[in-house]
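Undergrad: I have a structure here, written as structure tokens, and I will follow up with some questions on it.
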Amino acid sequence: MNERFAQYREKLTQYWNRFSGKQKILFFSTLFIIIIIIVVLTMQLSKTEYEVAFQDLDSTDSAGVMTYLDSAGISYRLSPDGKSISVPSTEAARIKVDIGSQGIVQGGSIGYKIFDESSSMIGTTDSEFNVKYNNALNGEVEQLMRRMQGIKDAKVLINLPKETVFASQEDQEQASASVVLTFNPGFRPSQDNIDGYFNLVKTAVPNLPVDNITIANNEVELMPSARGGQTGVSSQVEENFTLQKKFEEEVKKDVKQFLSTLTGPDKVDVLVFSKLNFDKENRKEDLVTPVDTENMKGIEISSQIISNTYSGQGNTTGGVAGTGSQDVSGYPSGTDTGTSTSEESSETRNYEVNRITKDIIASPYTVKDLTINVAVEPPTGQTTLDAATSSAIQNILVNIVRASLADSGVTYTDADLTKKVSVYSQQFGSNEAAAGSGGLATWMIWAIAAGALLIGAGGGFVIYRSRKKKEEEEVEEDIPLQVPTEFPSINLESVTNESQVRKQLESLAKKKPDEFVNLLRTWLADEQR
């Protein structure tokens, strides 16, 4: 065993001595870098990743969660403020379910569970029971409020009236509730959310009208729709603002999608500003219009013409009334006889006109103004867009604005519409930095790349050496053994004198040195066998 080990060690030493000093240094450097990479990767992969499972805890909930994790043998990390607890990310989901099912996290609220935990066999007094019940009711409402959308924390104080048998149901005192809410950052409750908060408190507490509920945050008091005079207006404003943003987003999406076919994807950016008319008009119109608009006449539906002529003899008063010196003013001054004639004619025509009654409900959300700004990245190799492409894009935008403002009630000229659109070319920023921002750190990427390069170089060198050694062995195996040269002039069996053999060998070495060398090689080969 020792001899075989010595042979292996000698062969290994001989193989190692074949390398030069630079090759040995490169080998040790590659080995050292590979060991460092393996150690770093092992530390990174074996490191436990923690995930925040519970946050915004009070001291009671934090203590309960820590007690559960310690009893279960689960590692955790407590934040410096004591309000957040992180657990291993691989077990975070299971831990949340377990702790949630056991009701450990109460958010500082007691709830009705207190009656199960602190029940006494002796019993409690009425005053003690009323205090526990009031605290439990506050805690239950707080837990319900925290489950509402956008609420981060809630504090509830409910005042329950004392019931008396001497008052009727209508004369009983009513309960009241005060609620302070803390919303999540960036959350703005809508009027529907606020009404939901009031309705939740109203239905959770018996004999509690909405007027006795006060809900506020750290800024203002929230008002329900039934009490706040401006809540309906604010809700309508918010709805109008949402519709305006939706309209702008739709225009932006359509313009960007269409222009992408001309310039290519990710080379167009669109900015849209609009002004919508949200007025809703209800009016009734009673119109009377002629049928014949040219002559301003209606349809003749009936016509009546009456003509009468009268003639006869009789006394006829004459002269000028009241002109004599003794005449009475207003009476004829004299009489005369003669023939009298009179004519009477009348014509009646009835026309029918158009009588139109219109109940008009003008729809809101008409576009009063629209402005579109487009930034286009020029093609590769160009600094600006060519005039034809820029003009085509501007014409497209003008047509979109013209169609959108068709019902605005204002007539715009082409020059006015051109002022409402703008097209400019600009080289967009590169996304390489954003793409490289995620993932591993830069130094780790370079270290892994250098390690991979060195590993590849070392592996290539080892493969090259093994191939070269294999080729040398194949060359040595391919060299044909020279056929032993027959030397008829030397017969060792027939020669008995050593001096004769020496003479023959000397003569052969002088006359044929090549054959002499081959002869010596043949003898050496026979001896090794």
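Going by the structure tokens order, chains are called A, B, ..., each with residues numbered from 1, while ligands are numbered from 1 in the order shown.
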Give the alpha helix (DSSP H) residues of segment 135-196 of chain A, as DSSP finds them on the backbone, and put them as an NGL selection string.

TA: :A and (135-146 or 191-196)

Undergrad: Take the residues that were just selected and, keeping all heavy atoms, output them as a compact mmCIF listing (two decimals), in the first residue's frame.

TA:
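The result, stored in selection_22.txt:
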```
# COMPACT_ATOMS: atom_id res chain seq x y z
N ASN A 135 -66.88 48.16 27.30
CA ASN A 135 -65.55 48.02 26.70
C ASN A 135 -65.55 46.99 25.58
O ASN A 135 -64.91 47.17 24.54
CB ASN A 135 -64.53 47.63 27.77
CG ASN A 135 -64.28 48.75 28.77
OD1 ASN A 135 -64.49 49.92 28.47
ND2 ASN A 135 -63.84 48.38 29.98
N ALA A 136 -66.27 45.90 25.78
CA ALA A 136 -66.33 44.87 24.74
C ALA A 136 -67.04 45.40 23.50
O ALA A 136 -66.64 45.12 22.35
CB ALA A 136 -67.05 43.64 25.27
N LEU A 137 -68.11 46.18 23.68
CA LEU A 137 -68.82 46.75 22.54
C LEU A 137 -67.92 47.73 21.78
O LEU A 137 -67.89 47.75 20.54
CB LEU A 137 -70.09 47.45 23.02
CG LEU A 137 -70.99 48.06 21.93
CD1 LEU A 137 -71.45 47.00 20.95
CD2 LEU A 137 -72.18 48.77 22.56
N ASN A 138 -67.16 48.56 22.52
CA ASN A 138 -66.21 49.46 21.87
C ASN A 138 -65.18 48.68 21.05
O ASN A 138 -64.84 49.05 19.92
CB ASN A 138 -65.51 50.32 22.91
CG ASN A 138 -66.45 51.30 23.59
OD1 ASN A 138 -67.50 51.64 23.05
ND2 ASN A 138 -66.10 51.74 24.79
N GLY A 139 -64.67 47.60 21.65
CA GLY A 139 -63.66 46.81 20.94
C GLY A 139 -64.21 46.15 19.70
O GLY A 139 -63.54 46.08 18.66
N GLU A 140 -65.45 45.63 19.76
CA GLU A 140 -66.03 44.99 18.59
C GLU A 140 -66.23 45.99 17.45
O GLU A 140 -65.95 45.69 16.28
CB GLU A 140 -67.37 44.34 18.96
CG GLU A 140 -67.24 43.13 19.87
CD GLU A 140 -66.59 41.95 19.16
OE1 GLU A 140 -66.65 41.90 17.91
OE2 GLU A 140 -66.03 41.08 19.85
N VAL A 141 -66.70 47.18 17.78
CA VAL A 141 -66.88 48.20 16.74
C VAL A 141 -65.54 48.63 16.16
O VAL A 141 -65.40 48.85 14.95
CB VAL A 141 -67.67 49.39 17.30
CG1 VAL A 141 -67.80 50.51 16.26
CG2 VAL A 141 -69.05 48.96 17.76
N GLU A 142 -64.52 48.74 17.01
CA GLU A 142 -63.19 49.09 16.51
C GLU A 142 -62.67 48.04 15.54
O GLU A 142 -62.10 48.36 14.48
CB GLU A 142 -62.22 49.24 17.69
CG GLU A 142 -62.45 50.49 18.51
CD GLU A 142 -61.50 50.56 19.69
OE1 GLU A 142 -60.66 49.64 19.82
OE2 GLU A 142 -61.59 51.52 20.48
N GLN A 143 -62.84 46.76 15.88
CA GLN A 143 -62.39 45.70 14.98
C GLN A 143 -63.15 45.73 13.65
O GLN A 143 -62.58 45.48 12.59
CB GLN A 143 -62.56 44.34 15.67
CG GLN A 143 -61.68 44.16 16.90
CD GLN A 143 -61.95 42.84 17.61
OE1 GLN A 143 -62.51 41.92 17.02
NE2 GLN A 143 -61.54 42.75 18.86
N LEU A 144 -64.44 46.03 13.70
CA LEU A 144 -65.20 46.14 12.46
C LEU A 144 -64.73 47.32 11.62
O LEU A 144 -64.61 47.21 10.39
CB LEU A 144 -66.69 46.29 12.78
CG LEU A 144 -67.41 45.07 13.36
CD1 LEU A 144 -68.84 45.42 13.71
CD2 LEU A 144 -67.38 43.91 12.37
N MET A 145 -64.44 48.44 12.25
CA MET A 145 -64.00 49.62 11.51
C MET A 145 -62.65 49.39 10.86
O MET A 145 -62.39 49.87 9.75
CB MET A 145 -63.92 50.83 12.46
CG MET A 145 -65.27 51.28 13.01
SD MET A 145 -66.39 51.90 11.74
CE MET A 145 -65.57 53.41 11.28
N ARG A 146 -61.76 48.64 11.52
CA ARG A 146 -60.44 48.39 10.94
C ARG A 146 -60.51 47.52 9.70
O ARG A 146 -59.57 47.51 8.90
CB ARG A 146 -59.52 47.72 11.97
CG ARG A 146 -59.12 48.64 13.12
CD ARG A 146 -57.98 48.02 13.92
NE ARG A 146 -57.69 48.83 15.10
CZ ARG A 146 -58.11 48.58 16.32
NH1 ARG A 146 -58.87 47.52 16.53
NH2 ARG A 146 -57.80 49.37 17.33
N GLN A 191 -67.67 59.67 -0.50
CA GLN A 191 -68.88 59.83 0.28
C GLN A 191 -69.54 58.48 0.56
O GLN A 191 -70.15 58.29 1.62
CB GLN A 191 -69.85 60.76 -0.45
CG GLN A 191 -71.06 61.14 0.37
CD GLN A 191 -70.66 61.85 1.66
OE1 GLN A 191 -69.77 62.69 1.66
NE2 GLN A 191 -71.32 61.50 2.77
N ASP A 192 -69.40 57.55 -0.38
CA ASP A 192 -69.94 56.21 -0.14
C ASP A 192 -69.22 55.53 1.02
O ASP A 192 -69.85 54.84 1.83
CB ASP A 192 -69.81 55.37 -1.41
CG ASP A 192 -70.71 55.88 -2.53
OD1 ASP A 192 -71.70 56.57 -2.21
OD2 ASP A 192 -70.41 55.61 -3.71
N ASN A 193 -67.88 55.71 1.09
CA ASN A 193 -67.15 55.14 2.23
C ASN A 193 -67.61 55.76 3.55
O ASN A 193 -67.79 55.06 4.55
CB ASN A 193 -65.65 55.36 2.04
CG ASN A 193 -65.10 54.67 0.81
OD1 ASN A 193 -64.41 55.28 0.00
ND2 ASN A 193 -65.40 53.39 0.65
N ILE A 194 -67.78 57.07 3.56
CA ILE A 194 -68.18 57.75 4.79
C ILE A 194 -69.57 57.29 5.24
O ILE A 194 -69.81 57.02 6.43
CB ILE A 194 -68.14 59.27 4.58
CG1 ILE A 194 -66.71 59.73 4.30
CG2 ILE A 194 -68.70 60.00 5.79
CD1 ILE A 194 -66.58 61.19 3.94
N ASP A 195 -70.50 57.17 4.28
CA ASP A 195 -71.82 56.67 4.63
C ASP A 195 -71.76 55.25 5.17
O ASP A 195 -72.52 54.88 6.08
CB ASP A 195 -72.74 56.73 3.41
CG ASP A 195 -73.04 58.16 2.98
OD1 ASP A 195 -72.88 59.06 3.82
OD2 ASP A 195 -73.42 58.36 1.81
N GLY A 196 -70.83 54.46 4.64
CA GLY A 196 -70.66 53.11 5.16
C GLY A 196 -70.16 53.09 6.59
O GLY A 196 -70.60 52.25 7.40
```

Undergrad: Figure out the distance between atom CA of Asn184 of chain A and atom CA of Pro206 of chain A, please, to one decimal in Å.

TA: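 Value for the atom CA of Pro206 of chain A-atom CA of Asn184 of chain A distance: 29.2 Å.
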
Undergrad: Near segment 404-421 of chain A, counting only C-alpha atoms, which residues have an atom at most 10 Å away, once you skip same-chain residues fewer than 6 positions from it, shown as number ranges by chain?

TA: A: 251, 272-273, 276-277, 366-374, 393-398

Undergrad: Tell me, as an MDAnalysis selection string, which residues lie within 12 Å of segment 18-24 of chain A, counting only C-alpha atoms; anything in the same chain fewer than 3 positions away does not count.

TA: chainID A and resid 11:15 27:31 457:458 461:462 465 469

Undergrad: Let's have the selection written as an mmCIF file, in the first residue's frame, with N, CA and C atoms.

TA:
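Output file out02.cif is given in full below:
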```cif
data_model
loop_
_atom_site.group_PDB
_atom_site.id
_atom_site.type_symbol
_atom_site.label_atom_id
_atom_site.label_comp_id
_atom_site.auth_asym_id
_atom_site.auth_seq_id
_atom_site.Cartn_x
_atom_site.Cartn_y
_atom_site.Cartn_z
ATOM 1 N N LYS A 11 4.048 10.189 -9.384
ATOM 2 C CA LYS A 11 3.420 10.575 -10.658
ATOM 3 C C LYS A 11 2.782 11.946 -10.559
ATOM 4 N N LEU A 12 2.126 12.222 -9.420
ATOM 5 C CA LEU A 12 1.505 13.532 -9.238
ATOM 6 C C LEU A 12 2.562 14.633 -9.200
ATOM 7 N N THR A 13 3.679 14.347 -8.546
ATOM 8 C CA THR A 13 4.770 15.327 -8.489
ATOM 9 C C THR A 13 5.338 15.587 -9.870
ATOM 10 N N GLN A 14 5.523 14.525 -10.634
ATOM 11 C CA GLN A 14 6.037 14.690 -12.003
ATOM 12 C C GLN A 14 5.056 15.494 -12.865
ATOM 13 N N TYR A 15 3.746 15.197 -12.700
ATOM 14 C CA TYR A 15 2.747 15.930 -13.485
ATOM 15 C C TYR A 15 2.716 17.408 -13.078
ATOM 16 N N PHE A 27 -3.449 28.612 -11.594
ATOM 17 C CA PHE A 27 -4.236 27.518 -11.017
ATOM 18 C C PHE A 27 -4.684 27.863 -9.593
ATOM 19 N N PHE A 28 -3.730 28.322 -8.770
ATOM 20 C CA PHE A 28 -4.073 28.651 -7.386
ATOM 21 C C PHE A 28 -5.035 29.846 -7.320
ATOM 22 N N SER A 29 -4.860 30.833 -8.232
ATOM 23 C CA SER A 29 -5.771 31.988 -8.242
ATOM 24 C C SER A 29 -7.183 31.545 -8.600
ATOM 25 N N THR A 30 -7.297 30.701 -9.609
ATOM 26 C CA THR A 30 -8.619 30.209 -10.011
ATOM 27 C C THR A 30 -9.268 29.416 -8.887
ATOM 28 N N LEU A 31 -8.501 28.559 -8.238
ATOM 29 C CA LEU A 31 -9.020 27.769 -7.135
ATOM 30 C C LEU A 31 -9.482 28.657 -5.983
ATOM 31 N N ALA A 457 -11.816 29.921 -17.867
ATOM 32 C CA ALA A 457 -10.421 29.893 -18.315
ATOM 33 C C ALA A 457 -9.678 28.703 -17.719
ATOM 34 N N GLY A 458 -9.895 28.463 -16.410
ATOM 35 C CA GLY A 458 -9.235 27.320 -15.793
ATOM 36 C C GLY A 458 -9.692 26.004 -16.393
ATOM 37 N N PHE A 461 -8.115 25.613 -19.747
ATOM 38 C CA PHE A 461 -6.695 25.251 -19.674
ATOM 39 C C PHE A 461 -6.523 23.769 -19.327
ATOM 40 N N VAL A 462 -7.339 23.295 -18.367
ATOM 41 C CA VAL A 462 -7.246 21.874 -17.999
ATOM 42 C C VAL A 462 -7.611 20.987 -19.178
ATOM 43 N N ARG A 465 -4.734 21.010 -21.653
ATOM 44 C CA ARG A 465 -3.594 20.186 -21.223
ATOM 45 C C ARG A 465 -3.917 18.703 -21.373
ATOM 46 N N LYS A 469 -1.872 16.202 -23.812
ATOM 47 C CA LYS A 469 -1.216 15.000 -23.305
ATOM 48 C C LYS A 469 -1.710 13.755 -24.032
#
```

Undergrad: Name all residues at most 12 Å from Lys83 of chain A (count only C-alpha atoms; drop same-chain ones fewer than 3 positions away) and give them as a PDB file with C-alpha atoms, in the first residue's frame.

TA:
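The result, written out as part-v6.pdb:
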```pdb
ATOM      1  CA  VAL A  52     -42.920  41.634   7.793  1.00  0.00           C
ATOM      2  CA  ALA A  53     -45.963  39.668   8.892  1.00  0.00           C
ATOM      3  CA  PHE A  54     -47.426  41.974  11.540  1.00  0.00           C
ATOM      4  CA  GLN A  55     -47.183  45.741  11.712  1.00  0.00           C
ATOM      5  CA  ASP A  56     -48.723  48.634  13.612  1.00  0.00           C
ATOM      6  CA  LEU A  57     -49.135  46.444  16.706  1.00  0.00           C
ATOM      7  CA  ASP A  58     -49.628  47.763  20.177  1.00  0.00           C
ATOM      8  CA  SER A  59     -47.674  46.426  23.136  1.00  0.00           C
ATOM      9  CA  THR A  60     -50.331  43.854  24.066  1.00  0.00           C
ATOM     10  CA  ASP A  61     -50.568  42.360  20.591  1.00  0.00           C
ATOM     11  CA  SER A  62     -46.766  42.346  20.198  1.00  0.00           C
ATOM     12  CA  ALA A  63     -46.369  40.457  23.456  1.00  0.00           C
ATOM     13  CA  VAL A  65     -47.414  37.282  19.030  1.00  0.00           C
ATOM     14  CA  MET A  66     -43.932  36.954  20.545  1.00  0.00           C
ATOM     15  CA  ARG A  77     -37.280  39.883  14.387  1.00  0.00           C
ATOM     16  CA  LEU A  78     -38.823  42.734  16.341  1.00  0.00           C
ATOM     17  CA  SER A  79     -38.588  46.260  14.945  1.00  0.00           C
ATOM     18  CA  PRO A  80     -36.908  48.952  17.068  1.00  0.00           C
ATOM     19  CA  SER A  86     -40.894  39.854  10.863  1.00  0.00           C
ATOM     20  CA  VAL A 105     -53.983  40.173  17.360  1.00  0.00           C
ATOM     21  CA  GLY A 107     -55.541  45.733  17.715  1.00  0.00           C
TER      22      GLY A 107
END
```

Undergrad: Pick from A:Asn240, A:Gln7, A:Ser425, A:Ser225: nearest to Ala387 of chain A, with only C-alpha atoms counted?

TA: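 Of all the options, A:Ser425 lies closest to Ala387 of chain A.
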
Undergrad: How many Å lie between atom CA of Lys47 of chain A and atom CA of Gly459 of chain A, rounded to one decimal?

TA: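 Interatomic distance here is 29.6 Å.
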
Undergrad: Env of Gly451 of chain A: 10 Å cut, atoms = only C-alpha atoms, seq-sep filter 6 positions within chain, self excluded. Answer as an MDAnalysis selection string.

TA: chainID A and resid 30 32:38 445 457

Undergrad: If we count only C-alpha atoms, what is near Val268 of chain A at a cut-off of 9 Å, once residues fewer than 2 positions away on the same chain are taken out, given as a compact mmCIF listing (two decimals) with all heavy atoms, in the first residue's frame?

TA:
```
# COMPACT_ATOMS: atom_id res chain seq x y z
N LYS A 256 -51.94 57.35 -28.78
CA LYS A 256 -50.66 56.65 -28.69
C LYS A 256 -50.68 55.35 -29.47
O LYS A 256 -49.71 54.99 -30.14
CB LYS A 256 -50.34 56.37 -27.22
CG LYS A 256 -48.94 55.86 -26.98
CD LYS A 256 -48.63 55.80 -25.50
CE LYS A 256 -47.19 55.36 -25.25
NZ LYS A 256 -46.89 55.30 -23.80
N GLN A 257 -51.80 54.63 -29.43
CA GLN A 257 -51.90 53.38 -30.17
C GLN A 257 -51.86 53.61 -31.67
O GLN A 257 -51.23 52.86 -32.42
CB GLN A 257 -53.18 52.66 -29.77
CG GLN A 257 -53.37 51.30 -30.44
CD GLN A 257 -54.63 50.60 -29.96
OE1 GLN A 257 -55.37 51.16 -29.17
NE2 GLN A 257 -54.86 49.41 -30.45
N LEU A 259 -50.53 56.37 -33.31
CA LEU A 259 -49.25 56.92 -33.74
C LEU A 259 -48.13 55.90 -33.64
O LEU A 259 -47.11 56.04 -34.32
CB LEU A 259 -48.90 58.16 -32.91
CG LEU A 259 -49.83 59.37 -33.10
CD1 LEU A 259 -49.32 60.53 -32.26
CD2 LEU A 259 -49.92 59.76 -34.57
N SER A 260 -48.29 54.88 -32.81
CA SER A 260 -47.25 53.84 -32.71
C SER A 260 -47.10 53.09 -34.02
O SER A 260 -46.02 52.55 -34.32
CB SER A 260 -47.59 52.88 -31.57
OG SER A 260 -47.58 53.55 -30.33
N THR A 263 -44.62 55.49 -35.99
CA THR A 263 -43.27 55.74 -35.47
C THR A 263 -42.63 54.53 -34.82
O THR A 263 -41.44 54.54 -34.54
CB THR A 263 -43.31 56.89 -34.45
OG1 THR A 263 -44.18 56.51 -33.38
CG2 THR A 263 -43.85 58.15 -35.10
N GLY A 264 -43.43 53.49 -34.53
CA GLY A 264 -42.89 52.34 -33.81
C GLY A 264 -43.28 52.39 -32.35
O GLY A 264 -43.56 53.46 -31.80
N PRO A 265 -43.32 51.22 -31.71
CA PRO A 265 -43.71 51.18 -30.29
C PRO A 265 -42.66 51.84 -29.40
O PRO A 265 -41.49 51.92 -29.72
CB PRO A 265 -43.81 49.67 -30.01
CG PRO A 265 -42.91 49.03 -31.02
CD PRO A 265 -42.97 49.90 -32.25
N ASP A 266 -43.13 52.35 -28.28
CA ASP A 266 -42.28 52.97 -27.26
C ASP A 266 -41.52 54.18 -27.78
O ASP A 266 -40.46 54.53 -27.27
CB ASP A 266 -41.28 51.95 -26.68
CG ASP A 266 -41.97 50.78 -26.04
OD1 ASP A 266 -43.10 50.97 -25.54
OD2 ASP A 266 -41.39 49.67 -26.04
N VAL A 270 -47.79 60.91 -25.03
CA VAL A 270 -48.92 61.81 -25.27
C VAL A 270 -49.35 62.44 -23.95
O VAL A 270 -49.41 61.76 -22.92
CB VAL A 270 -50.11 61.05 -25.91
CG1 VAL A 270 -51.25 62.02 -26.20
CG2 VAL A 270 -49.67 60.34 -27.18
N VAL A 374 -47.85 65.92 -28.14
CA VAL A 374 -47.25 64.65 -28.51
C VAL A 374 -45.74 64.83 -28.61
O VAL A 374 -45.26 65.77 -29.26
CB VAL A 374 -47.82 64.13 -29.84
CG1 VAL A 374 -47.10 62.86 -30.26
CG2 VAL A 374 -49.30 63.87 -29.72
N ALA A 375 -45.01 63.94 -27.96
CA ALA A 375 -43.55 63.88 -28.08
C ALA A 375 -43.19 62.60 -28.83
O ALA A 375 -43.65 61.52 -28.46
CB ALA A 375 -42.89 63.90 -26.71
N VAL A 376 -42.40 62.74 -29.88
CA VAL A 376 -42.04 61.61 -30.73
C VAL A 376 -40.52 61.50 -30.78
O VAL A 376 -39.82 62.50 -30.96
CB VAL A 376 -42.61 61.78 -32.16
CG1 VAL A 376 -42.27 60.57 -33.01
CG2 VAL A 376 -44.11 62.01 -32.11
N GLU A 377 -40.03 60.29 -30.60
CA GLU A 377 -38.60 60.05 -30.72
C GLU A 377 -38.24 59.87 -32.18
O GLU A 377 -38.85 59.05 -32.88
CB GLU A 377 -38.20 58.81 -29.92
CG GLU A 377 -36.70 58.56 -29.92
CD GLU A 377 -36.32 57.35 -29.08
OE1 GLU A 377 -37.24 56.64 -28.63
OE2 GLU A 377 -35.12 57.13 -28.87
```
